[in-house]
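*Asks:* My file is upload_20.csv. It has CSV, C-alpha atoms:
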```csv
chain,number,residue,atom,x,y,z
A,1,MET,CA,0.0,0.0,0.0
A,2,GLU,CA,2.9,2.3,0.7
A,3,ASN,CA,4.2,1.9,-2.8
A,4,MET,CA,0.8,2.6,-4.3
A,5,SER,CA,0.6,5.8,-2.2
A,6,ILE,CA,4.0,6.9,-3.6
A,7,VAL,CA,2.8,6.2,-7.1
A,8,ALA,CA,-0.4,8.2,-6.5
A,9,SER,CA,1.6,11.1,-5.2
A,10,ILE,CA,4.0,11.1,-8.2
A,11,VAL,CA,1.1,10.9,-10.7
A,12,LEU,CA,-0.6,13.8,-8.9
A,13,VAL,CA,2.5,15.9,-9.2
A,14,SER,CA,2.7,14.9,-12.9
A,15,LEU,CA,-0.8,16.0,-13.5
A,16,LEU,CA,-0.1,19.4,-11.9
A,17,PHE,CA,2.9,19.7,-14.2
A,18,PHE,CA,0.9,18.7,-17.2
A,19,SER,CA,-1.7,21.3,-16.4
A,20,SER,CA,0.8,24.2,-16.3
A,21,ALA,CA,3.7,23.1,-18.5
A,22,CYS,CA,2.8,24.5,-21.9
A,23,SER,CA,5.4,27.1,-22.8
A,24,CYS,CA,4.9,27.4,-26.5
A,25,ARG,CA,5.7,30.9,-27.7
A,26,GLU,CA,2.3,31.5,-29.4
A,27,ASN,CA,0.8,34.2,-27.2
A,28,GLY,CA,3.0,37.1,-28.2
A,29,ILE,CA,4.3,37.7,-24.7
A,30,ASN,CA,7.9,39.1,-24.5
A,31,GLU,CA,9.7,36.3,-22.5
A,32,ILE,CA,13.3,35.2,-22.1
A,33,GLU,CA,14.2,32.6,-24.7
A,34,TRP,CA,15.8,29.9,-22.6
A,35,PHE,CA,15.9,27.3,-25.4
A,36,PRO,CA,17.1,27.4,-29.0
A,37,LYS,CA,14.7,26.3,-31.8
A,38,ILE,CA,15.6,23.0,-33.4
A,39,ASP,CA,16.1,23.5,-37.2
A,40,PRO,CA,15.6,20.1,-39.0
A,41,ALA,CA,17.4,21.4,-42.1
A,42,ILE,CA,20.5,22.2,-40.1
A,43,LEU,CA,20.4,18.9,-38.3
A,44,SER,CA,20.0,17.0,-41.6
A,45,SER,CA,23.0,18.7,-43.2
A,46,SER,CA,25.5,18.8,-40.2
A,47,SER,CA,28.4,16.4,-40.5
A,48,ASN,CA,28.6,15.5,-36.8
A,49,ILE,CA,24.8,14.9,-36.4
A,50,ASP,CA,22.8,11.9,-37.4
A,51,PHE,CA,19.1,12.8,-37.8
A,52,ILE,CA,16.0,11.1,-39.2
A,53,SER,CA,14.3,13.9,-41.0
A,54,GLY,CA,10.6,14.1,-41.4
A,55,LEU,CA,9.6,12.3,-38.2
A,56,ARG,CA,8.1,15.1,-36.1
A,57,SER,CA,5.9,13.8,-33.3
A,58,TYR,CA,2.1,14.2,-33.2
A,59,GLN,CA,1.1,15.8,-29.9
A,60,GLN,CA,-0.9,13.7,-27.5
A,61,THR,CA,-4.3,15.1,-26.4
A,62,THR,CA,-4.5,13.4,-23.0
A,63,ASP,CA,-2.0,12.9,-20.1
A,64,TYR,CA,-1.8,9.2,-20.7
A,65,THR,CA,-1.7,8.6,-24.4
A,66,CYS,CA,2.0,9.2,-25.2
A,67,GLY,CA,2.2,5.5,-26.4
A,68,PRO,CA,-0.7,5.8,-28.9
A,69,ALA,CA,0.7,9.2,-30.0
A,70,VAL,CA,4.2,7.9,-30.9
A,71,LEU,CA,2.6,5.0,-32.8
A,72,LEU,CA,0.4,7.5,-34.7
A,73,SER,CA,3.6,9.5,-35.5
A,74,LEU,CA,5.3,6.4,-36.9
A,75,ALA,CA,2.3,5.4,-39.1
A,76,GLY,CA,2.2,9.0,-40.5
A,77,PHE,CA,6.0,9.0,-41.1
A,78,TYR,CA,5.8,5.9,-43.2
A,79,GLY,CA,2.7,7.0,-45.0
A,80,PHE,CA,0.4,4.2,-43.8
A,81,PRO,CA,-3.2,4.8,-44.8
A,82,ASP,CA,-6.1,5.3,-42.4
A,83,PHE,CA,-3.9,7.0,-39.8
A,84,GLU,CA,-5.1,10.7,-39.8
A,85,GLN,CA,-3.0,12.8,-37.4
A,86,ASP,CA,-5.9,13.6,-35.1
A,87,ALA,CA,-7.4,12.9,-31.7
A,88,GLN,CA,-10.0,10.5,-33.0
A,89,THR,CA,-7.2,8.2,-34.5
A,90,GLU,CA,-5.1,8.7,-31.4
A,91,MET,CA,-8.0,7.4,-29.2
A,92,ARG,CA,-8.7,4.6,-31.6
A,93,ILE,CA,-5.1,3.4,-31.3
A,94,ALA,CA,-5.4,3.7,-27.5
A,95,GLY,CA,-8.4,1.4,-27.6
A,96,GLU,CA,-6.6,-1.1,-29.7
A,97,LEU,CA,-3.6,-1.0,-27.4
A,98,GLY,CA,-5.6,-1.3,-24.2
A,99,THR,CA,-4.0,1.9,-22.9
A,100,ARG,CA,-5.2,2.7,-19.4
A,101,ASP,CA,-6.3,6.2,-18.3
A,102,LEU,CA,-5.4,8.0,-15.1
A,103,ASN,CA,-8.2,6.2,-13.2
A,104,SER,CA,-6.1,3.1,-13.3
A,105,SER,CA,-3.3,2.3,-10.8
A,106,LEU,CA,-1.1,1.6,-13.8
A,107,PRO,CA,-1.9,4.2,-16.4
A,108,GLY,CA,-0.4,4.2,-19.8
A,109,THR,CA,0.8,1.6,-22.3
A,110,LYS,CA,3.1,-1.3,-21.6
A,111,PRO,CA,6.1,-2.2,-23.9
A,112,GLN,CA,4.6,-5.5,-25.0
A,113,GLU,CA,1.3,-3.9,-25.8
A,114,MET,CA,3.2,-1.5,-28.1
A,115,VAL,CA,5.0,-4.4,-29.8
A,116,ASP,CA,1.8,-6.4,-30.3
A,117,TRP,CA,0.1,-3.4,-31.9
A,118,LEU,CA,3.1,-2.8,-34.2
A,119,LEU,CA,3.2,-6.4,-35.3
A,120,ARG,CA,-0.6,-6.4,-36.1
A,121,ASN,CA,-0.3,-3.2,-38.1
A,122,GLY,CA,2.4,-3.7,-40.7
A,123,PHE,CA,5.6,-3.3,-38.7
A,124,ASN,CA,8.5,-5.4,-37.6
A,125,ALA,CA,9.3,-4.6,-34.0
A,126,SER,CA,12.1,-5.7,-31.6
A,127,LEU,CA,11.7,-5.1,-27.9
A,128,GLU,CA,14.9,-4.9,-25.9
A,129,PHE,CA,16.0,-3.9,-22.4
A,130,GLU,CA,19.5,-3.2,-21.0
A,131,ASP,CA,20.4,-3.3,-17.3
A,132,ARG,CA,24.2,-3.7,-17.5
A,133,GLY,CA,24.9,0.0,-17.4
A,134,ASP,CA,27.7,-0.4,-20.0
A,135,GLY,CA,26.4,2.1,-22.6
A,136,SER,CA,25.4,-0.6,-25.1
A,137,ALA,CA,21.8,0.6,-25.3
A,138,LEU,CA,22.9,4.1,-26.1
A,139,ARG,CA,25.2,2.8,-28.8
A,140,HIS,CA,22.3,0.8,-30.2
A,141,LEU,CA,20.3,4.1,-30.4
A,142,GLN,CA,23.2,5.7,-32.3
A,143,ASP,CA,23.4,2.8,-34.8
A,144,ASN,CA,19.6,2.9,-35.4
A,145,ILE,CA,19.6,6.6,-35.9
A,146,ARG,CA,22.6,6.4,-38.3
A,147,GLN,CA,20.7,3.9,-40.4
A,148,GLY,CA,17.5,5.9,-40.4
A,149,ILE,CA,15.6,3.5,-38.1
A,150,PRO,CA,13.3,5.1,-35.6
A,151,THR,CA,13.5,3.7,-32.0
A,152,LEU,CA,10.8,4.0,-29.4
A,153,VAL,CA,12.1,4.6,-25.9
A,154,GLU,CA,10.3,4.7,-22.6
A,155,TRP,CA,11.9,6.5,-19.7
A,156,ILE,CA,11.1,8.0,-16.3
A,157,ASP,CA,10.4,11.5,-17.7
A,158,LEU,CA,6.9,12.7,-16.5
A,159,SER,CA,6.8,9.5,-14.3
A,160,GLY,CA,6.9,7.3,-17.4
A,161,HIS,CA,6.9,8.5,-21.0
A,162,TRP,CA,7.2,7.2,-24.6
A,163,ALA,CA,9.1,9.1,-27.3
A,164,ILE,CA,11.0,8.3,-30.5
A,165,ALA,CA,14.8,8.7,-30.8
A,166,VAL,CA,15.4,10.5,-34.1
A,167,GLY,CA,18.7,12.3,-33.8
A,168,TYR,CA,22.1,12.3,-32.2
A,169,ASP,CA,24.6,15.1,-32.0
A,170,TYR,CA,28.1,13.9,-31.2
A,171,ARG,CA,29.4,17.5,-30.7
A,172,ASN,CA,32.9,17.3,-29.3
A,173,VAL,CA,33.7,13.7,-30.4
A,174,SER,CA,36.4,13.3,-27.8
A,175,ASP,CA,34.0,14.0,-25.0
A,176,PRO,CA,30.8,11.8,-25.1
A,177,TRP,CA,29.4,13.5,-22.0
A,178,ASP,CA,28.3,16.6,-24.0
A,179,ASP,CA,26.4,14.6,-26.7
A,180,VAL,CA,22.8,15.4,-27.3
A,181,LEU,CA,19.9,13.0,-28.0
A,182,ILE,CA,17.0,14.4,-30.1
A,183,LEU,CA,13.5,13.0,-29.5
A,184,ALA,CA,10.3,13.2,-31.5
A,185,ASP,CA,8.3,13.9,-28.4
A,186,PRO,CA,4.5,13.6,-28.1
A,187,TYR,CA,4.5,15.9,-25.1
A,188,ASP,CA,6.6,18.8,-26.3
A,189,ARG,CA,6.2,21.2,-23.5
A,190,TYR,CA,9.8,21.5,-22.3
A,191,ASP,CA,11.1,24.4,-24.4
A,192,ASP,CA,9.9,27.5,-26.0
A,193,TYR,CA,8.7,25.9,-29.3
A,194,CYS,CA,6.0,23.3,-29.7
A,195,ASP,CA,7.5,21.8,-32.8
A,196,GLY,CA,7.3,18.1,-31.9
A,197,TYR,CA,10.9,17.8,-30.8
A,198,SER,CA,12.7,17.8,-27.5
A,199,PHE,CA,16.4,17.2,-26.7
A,200,VAL,CA,18.4,16.0,-23.7
A,201,ASN,CA,22.0,15.4,-22.8
A,202,SER,CA,22.5,11.8,-23.9
A,203,ASN,CA,24.3,10.6,-20.8
A,204,ARG,CA,21.7,12.2,-18.6
A,205,PHE,CA,19.0,10.5,-20.6
A,206,TYR,CA,20.9,7.1,-20.3
A,207,TRP,CA,20.8,7.2,-16.5
A,208,MET,CA,17.1,8.3,-16.5
A,209,TRP,CA,16.2,5.7,-19.0
A,210,PHE,CA,14.2,3.4,-16.7
A,211,ASP,CA,10.6,3.0,-15.4
A,212,ALA,CA,10.1,2.4,-11.7
A,213,LEU,CA,6.4,3.0,-11.4
A,214,TYR,CA,4.0,1.7,-13.9
A,215,PHE,CA,4.8,-1.9,-14.6
A,216,GLY,CA,5.3,-3.5,-11.2
A,217,ASN,CA,9.1,-3.6,-11.2
A,218,THR,CA,12.0,-1.4,-12.4
A,219,THR,CA,12.7,-1.9,-16.1
A,220,TRP,CA,15.9,-0.5,-17.5
A,221,ARG,CA,16.4,1.1,-20.9
A,222,THR,CA,13.3,-0.1,-22.8
A,223,MET,CA,13.6,0.3,-26.5
A,224,ILE,CA,11.6,-0.9,-29.5
A,225,THR,CA,13.3,-0.9,-32.9
A,226,VAL,CA,10.7,-0.5,-35.6
A,227,GLN,CA,10.6,-0.9,-39.4
A,228,PRO,CA,7.8,-1.5,-41.9
A,229,LYS,CA,7.3,-5.1,-43.0
A,230,ASN,CA,6.9,-3.8,-46.5
A,231,GLU,CA,10.4,-3.3,-47.7
A,232,GLU,CA,9.3,-0.9,-50.4
A,233,ILE,CA,7.9,1.5,-47.8
A,234,ALA,CA,11.1,1.2,-45.7
A,235,LYS,CA,13.3,2.0,-48.8
A,236,THR,CA,11.4,5.3,-49.5
A,237,GLU,CA,12.3,6.7,-46.1
```
Can I see the file as structure tokens?
*Replies:*
Amino acid sequence: MENMSIVASIVLVSLLFFSSACSCRENGINEIEWFPKIDPAILSSSSNIDFISGLRSYQQTTDYTCGPAVLLSLAGFYGFPDFEQDAQTEMRIAGELGTRDLNSSLPGTKPQEMVDWLLRNGFNASLEFEDRGDGSALRHLQDNIRQGIPTLVEWIDLSGHWAIAVGYDYRNVSDPWDDVLILADPYDRYDDYCDGYSFVNSNRFYWMWFDALYFGNTTWRTMITVQPKNEEIAKTE
């Protein structure tokens, strides 16, 4: 019961954050610009950055549908039919997944539920975890991004959150601690621009890449590598 009380408290804090976190610069108010705007054209052309262009995340419309939102983003990126980028399709996917709302003690979408949906809807999907702490999961992300393969990641951000790893900036190659991971983020409320992207220091992300709340036990570095089953679709991207 004590653990459930802790979970409930963290979820409540998350809800308060969700309700006040939107910082998109759309209201014309003169504010300090704390964050730079990500320019996909620059990311795509920079020699020291690997970036999957064109995969900008659809923005979730509820506090628990980050999983359905990233799946909707993937379907749109690959041009799958019958996946309009709208709330109706988002909630349809949530129903197909079995995503739980905030009335549940375990809200959200579990990794295996994500994989099962992908396999039913025209994708190949490989679910992996890494608890060794040897950096191999981060290297796997780098390899996937370099090859143009989107990777779903689930981490402790917002008490448990799905996003898509789409870019990696190596910056000073001799110092990996300053690297930057770029995410197609379905809850893009962290910076001054609601453009579907967020970014985080890659090593900071690596040590926050776990889930201790939603699924009964701590899971480390959850990632799902995704590609269309139809090779012709994959080749066009």
*Asks:* Go through A:Gly160, A:Ala87, A:Tyr168, A:Asp175 and flag the residue nearest Val200 in chain A, using all atoms listed in the file for the distances.
*Replies:* A:Tyr168
*Asks:* Give the answer as one residue: which of A:Gly167, A:Tyr64, A:Met223, A:Leu119 has the shortest atom-to-atom distance to Tyr197 in chain A, using only C-alpha atoms?
*Replies:*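 Nearest to Tyr197 in chain A: A:Gly167.
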*Asks:* Counting only C-alpha atoms, what is within 12 Å of Arg132 in chain A, bar same-chain residues fewer than 2 positions away, as a list in words?
*Replies:*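 Counting only C-alpha atoms, the residues come to Phe129, Glu130, Asp134, Gly135, Ser136, Ala137, Leu138, Tyr206, Trp207, Thr219, Trp220 and Arg221 of chain A.
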*Asks:* Sort by chain and increasing residue number a table of all residues of range 32-96 of chain A within 12 Å of range 144-158 of chain A, each with its closest pair of atoms and their distance in Å to one decimal, counting only C-alpha atoms, and write it as CSV.
*Replies:*
```
residue,atom,partner,partner_atom,distance
A:Ser44,CA,A:Arg146,CA,11.4
A:Ser47,CA,A:Arg146,CA,11.8
A:Asn48,CA,A:Arg146,CA,11.0
A:Ile49,CA,A:Arg146,CA,9.0
A:Asp50,CA,A:Arg146,CA,5.6
A:Phe51,CA,A:Ile145,CA,6.5
A:Ile52,CA,A:Gly148,CA,5.5
A:Ser53,CA,A:Gly148,CA,8.6
A:Gly54,CA,A:Gly148,CA,10.8
A:Leu55,CA,A:Pro150,CA,8.5
A:Arg56,CA,A:Pro150,CA,11.3
A:Ser57,CA,A:Leu152,CA,11.6
A:Asp63,CA,A:Leu158,CA,9.6
A:Tyr64,CA,A:Leu158,CA,10.3
A:Cys66,CA,A:Glu154,CA,9.8
A:Gly67,CA,A:Glu154,CA,9.0
A:Pro68,CA,A:Leu152,CA,11.7
A:Ala69,CA,A:Leu152,CA,11.4
A:Val70,CA,A:Leu152,CA,7.8
A:Leu71,CA,A:Leu152,CA,8.9
A:Ser73,CA,A:Pro150,CA,10.7
A:Leu74,CA,A:Pro150,CA,8.2
A:Ala75,CA,A:Pro150,CA,11.5
A:Phe77,CA,A:Pro150,CA,9.9
A:Tyr78,CA,A:Pro150,CA,10.7
```
*Asks:* If we draw a sphere of 12 Å around (-2.0, 2.6, -45.7), which residues have at least one atom in it when counting all atoms listed in the file? Please report them as a ChimeraX atom specification.
*Replies:* /A:75-84,121-123,228,230,233
*Asks:* Return the single residue from A:Leu97, A:Ile38, A:Leu102, A:Ile32 that is closest to Asp116 in chain A, with distances computed using only C-alpha atoms.
*Replies:*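 Looking at the shortest contact to Asp116 in chain A, the residue is A:Leu97.
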*Asks:* Can you work out the spacing between CA of Tyr187 in chain A and CA of Gln60 in chain A in Å, to one decimal?
*Replies:*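 CA of Gln60 in chain A lies at a distance of 6.3 Å from CA of Tyr187 in chain A.
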*Asks:* Using all atoms listed in the file for the distances, tell me which of A:Asp101, A:Gln142, A:Gly95, A:Gln59 is nearest to Asp188 in chain A.
*Replies:*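 Closest to Asp188 in chain A, using all atoms listed in the file: A:Gln59.
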*Asks:* Between A:Arg204, A:Lys229, A:His161, A:Arg171, single out the one closest to Pro107 in chain A, counting all atoms listed in the file.
*Replies:*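 Of A:Arg204, A:Lys229, A:His161, A:Arg171, the one nearest Pro107 in chain A, counting all atoms listed in the file, is A:His161.
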*Asks:* Between CA of Phe210 in chain A and CA of Asp179 in chain A, what distance in Å does the model show, to one decimal?
*Replies:*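 So the answer is 19.3 Å.
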*Asks:* A:Thr65, A:Ser159, A:Asn172, A:Gln88: which is nearest Met114 in chain A, counting all atoms listed in the file?
*Replies:*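 Among the listed residues, the smallest separation from Met114 in chain A belongs to A:Thr65.
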*Asks:* As a PDB file, keeping the file's coordinate frame, could you write out range 94-124 of chain A once it has been completed with N, CA and C atoms?
*Replies:*
```
ATOM      1  N   ALA A  94      -5.407   4.001 -28.934  1.00  0.00           N
ATOM      2  CA  ALA A  94      -5.400   3.700 -27.500  1.00  0.00           C
ATOM      3  C   ALA A  94      -6.325   2.572 -27.142  1.00  0.00           C
ATOM      4  N   GLY A  95      -7.495   2.529 -27.787  1.00  0.00           N
ATOM      5  CA  GLY A  95      -8.400   1.400 -27.600  1.00  0.00           C
ATOM      6  C   GLY A  95      -7.860   0.102 -28.048  1.00  0.00           C
ATOM      7  N   GLU A  96      -7.198   0.134 -29.196  1.00  0.00           N
ATOM      8  CA  GLU A  96      -6.600  -1.100 -29.700  1.00  0.00           C
ATOM      9  C   GLU A  96      -5.453  -1.602 -28.873  1.00  0.00           C
ATOM     10  N   LEU A  97      -4.735  -0.675 -28.275  1.00  0.00           N
ATOM     11  CA  LEU A  97      -3.600  -1.000 -27.400  1.00  0.00           C
ATOM     12  C   LEU A  97      -4.068  -1.561 -26.054  1.00  0.00           C
ATOM     13  N   GLY A  98      -5.191  -1.039 -25.567  1.00  0.00           N
ATOM     14  CA  GLY A  98      -5.600  -1.300 -24.200  1.00  0.00           C
ATOM     15  C   GLY A  98      -4.953  -0.289 -23.229  1.00  0.00           C
ATOM     16  N   THR A  99      -4.629   0.899 -23.738  1.00  0.00           N
ATOM     17  CA  THR A  99      -4.000   1.900 -22.900  1.00  0.00           C
ATOM     18  C   THR A  99      -4.952   2.304 -21.756  1.00  0.00           C
ATOM     19  N   ARG A 100      -4.392   2.397 -20.553  1.00  0.00           N
ATOM     20  CA  ARG A 100      -5.200   2.700 -19.400  1.00  0.00           C
ATOM     21  C   ARG A 100      -5.111   4.185 -19.031  1.00  0.00           C
ATOM     22  N   ASP A 101      -6.253   4.747 -18.626  1.00  0.00           N
ATOM     23  CA  ASP A 101      -6.300   6.200 -18.300  1.00  0.00           C
ATOM     24  C   ASP A 101      -5.854   6.372 -16.840  1.00  0.00           C
ATOM     25  N   LEU A 102      -5.961   7.624 -16.364  1.00  0.00           N
ATOM     26  CA  LEU A 102      -5.400   8.000 -15.100  1.00  0.00           C
ATOM     27  C   LEU A 102      -6.307   7.451 -13.911  1.00  0.00           C
ATOM     28  N   ASN A 103      -7.436   6.838 -14.218  1.00  0.00           N
ATOM     29  CA  ASN A 103      -8.200   6.200 -13.200  1.00  0.00           C
ATOM     30  C   ASN A 103      -7.639   4.835 -12.795  1.00  0.00           C
ATOM     31  N   SER A 104      -6.706   4.341 -13.599  1.00  0.00           N
ATOM     32  CA  SER A 104      -6.100   3.100 -13.300  1.00  0.00           C
ATOM     33  C   SER A 104      -4.860   3.284 -12.396  1.00  0.00           C
ATOM     34  N   SER A 105      -4.531   2.260 -11.595  1.00  0.00           N
ATOM     35  CA  SER A 105      -3.300   2.300 -10.800  1.00  0.00           C
ATOM     36  C   SER A 105      -2.068   2.208 -11.605  1.00  0.00           C
ATOM     37  N   LEU A 106      -2.189   1.707 -12.835  1.00  0.00           N
ATOM     38  CA  LEU A 106      -1.100   1.600 -13.800  1.00  0.00           C
ATOM     39  C   LEU A 106      -1.433   2.187 -15.106  1.00  0.00           C
ATOM     40  N   PRO A 107      -1.527   3.519 -15.158  1.00  0.00           N
ATOM     41  CA  PRO A 107      -1.900   4.200 -16.400  1.00  0.00           C
ATOM     42  C   PRO A 107      -0.873   4.053 -17.492  1.00  0.00           C
ATOM     43  N   GLY A 108      -1.308   4.254 -18.731  1.00  0.00           N
ATOM     44  CA  GLY A 108      -0.400   4.200 -19.800  1.00  0.00           C
ATOM     45  C   GLY A 108      -0.375   2.953 -20.622  1.00  0.00           C
ATOM     46  N   THR A 109       0.691   2.720 -21.368  1.00  0.00           N
ATOM     47  CA  THR A 109       0.800   1.600 -22.300  1.00  0.00           C
ATOM     48  C   THR A 109       2.084   0.817 -22.023  1.00  0.00           C
ATOM     49  N   LYS A 110       1.977  -0.493 -21.840  1.00  0.00           N
ATOM     50  CA  LYS A 110       3.100  -1.300 -21.600  1.00  0.00           C
ATOM     51  C   LYS A 110       3.929  -1.619 -22.842  1.00  0.00           C
ATOM     52  N   PRO A 111       5.237  -1.897 -22.709  1.00  0.00           N
ATOM     53  CA  PRO A 111       6.100  -2.200 -23.900  1.00  0.00           C
ATOM     54  C   PRO A 111       5.521  -3.312 -24.761  1.00  0.00           C
ATOM     55  N   GLN A 112       5.107  -4.412 -24.163  1.00  0.00           N
ATOM     56  CA  GLN A 112       4.600  -5.500 -25.000  1.00  0.00           C
ATOM     57  C   GLN A 112       3.353  -5.183 -25.703  1.00  0.00           C
ATOM     58  N   GLU A 113       2.528  -4.337 -25.116  1.00  0.00           N
ATOM     59  CA  GLU A 113       1.300  -3.900 -25.800  1.00  0.00           C
ATOM     60  C   GLU A 113       1.671  -3.057 -27.029  1.00  0.00           C
ATOM     61  N   MET A 114       2.714  -2.260 -26.918  1.00  0.00           N
ATOM     62  CA  MET A 114       3.200  -1.500 -28.100  1.00  0.00           C
ATOM     63  C   MET A 114       3.672  -2.417 -29.182  1.00  0.00           C
ATOM     64  N   VAL A 115       4.473  -3.410 -28.805  1.00  0.00           N
ATOM     65  CA  VAL A 115       5.000  -4.400 -29.800  1.00  0.00           C
ATOM     66  C   VAL A 115       3.889  -5.121 -30.471  1.00  0.00           C
ATOM     67  N   ASP A 116       2.927  -5.619 -29.685  1.00  0.00           N
ATOM     68  CA  ASP A 116       1.800  -6.400 -30.300  1.00  0.00           C
ATOM     69  C   ASP A 116       1.060  -5.580 -31.285  1.00  0.00           C
ATOM     70  N   TRP A 117       0.819  -4.307 -30.982  1.00  0.00           N
ATOM     71  CA  TRP A 117       0.100  -3.400 -31.900  1.00  0.00           C
ATOM     72  C   TRP A 117       0.913  -3.253 -33.206  1.00  0.00           C
ATOM     73  N   LEU A 118       2.195  -3.003 -33.062  1.00  0.00           N
ATOM     74  CA  LEU A 118       3.100  -2.800 -34.200  1.00  0.00           C
ATOM     75  C   LEU A 118       3.048  -4.018 -35.137  1.00  0.00           C
ATOM     76  N   LEU A 119       3.138  -5.199 -34.546  1.00  0.00           N
ATOM     77  CA  LEU A 119       3.200  -6.400 -35.300  1.00  0.00           C
ATOM     78  C   LEU A 119       1.834  -6.657 -36.055  1.00  0.00           C
ATOM     79  N   ARG A 120       0.742  -6.208 -35.461  1.00  0.00           N
ATOM     80  CA  ARG A 120      -0.600  -6.400 -36.100  1.00  0.00           C
ATOM     81  C   ARG A 120      -0.818  -5.332 -37.192  1.00  0.00           C
ATOM     82  N   ASN A 121      -0.017  -4.278 -37.222  1.00  0.00           N
ATOM     83  CA  ASN A 121      -0.300  -3.200 -38.100  1.00  0.00           C
ATOM     84  C   ASN A 121       0.803  -2.858 -39.109  1.00  0.00           C
ATOM     85  N   GLY A 122       1.494  -3.905 -39.568  1.00  0.00           N
ATOM     86  CA  GLY A 122       2.400  -3.700 -40.700  1.00  0.00           C
ATOM     87  C   GLY A 122       3.836  -3.424 -40.359  1.00  0.00           C
ATOM     88  N   PHE A 123       4.244  -3.600 -39.097  1.00  0.00           N
ATOM     89  CA  PHE A 123       5.600  -3.300 -38.700  1.00  0.00           C
ATOM     90  C   PHE A 123       6.332  -4.552 -38.206  1.00  0.00           C
ATOM     91  N   ASN A 124       7.645  -4.549 -38.334  1.00  0.00           N
ATOM     92  CA  ASN A 124       8.500  -5.400 -37.600  1.00  0.00           C
ATOM     93  C   ASN A 124       8.959  -4.653 -36.335  1.00  0.00           C
TER      94      ASN A 124
END
```
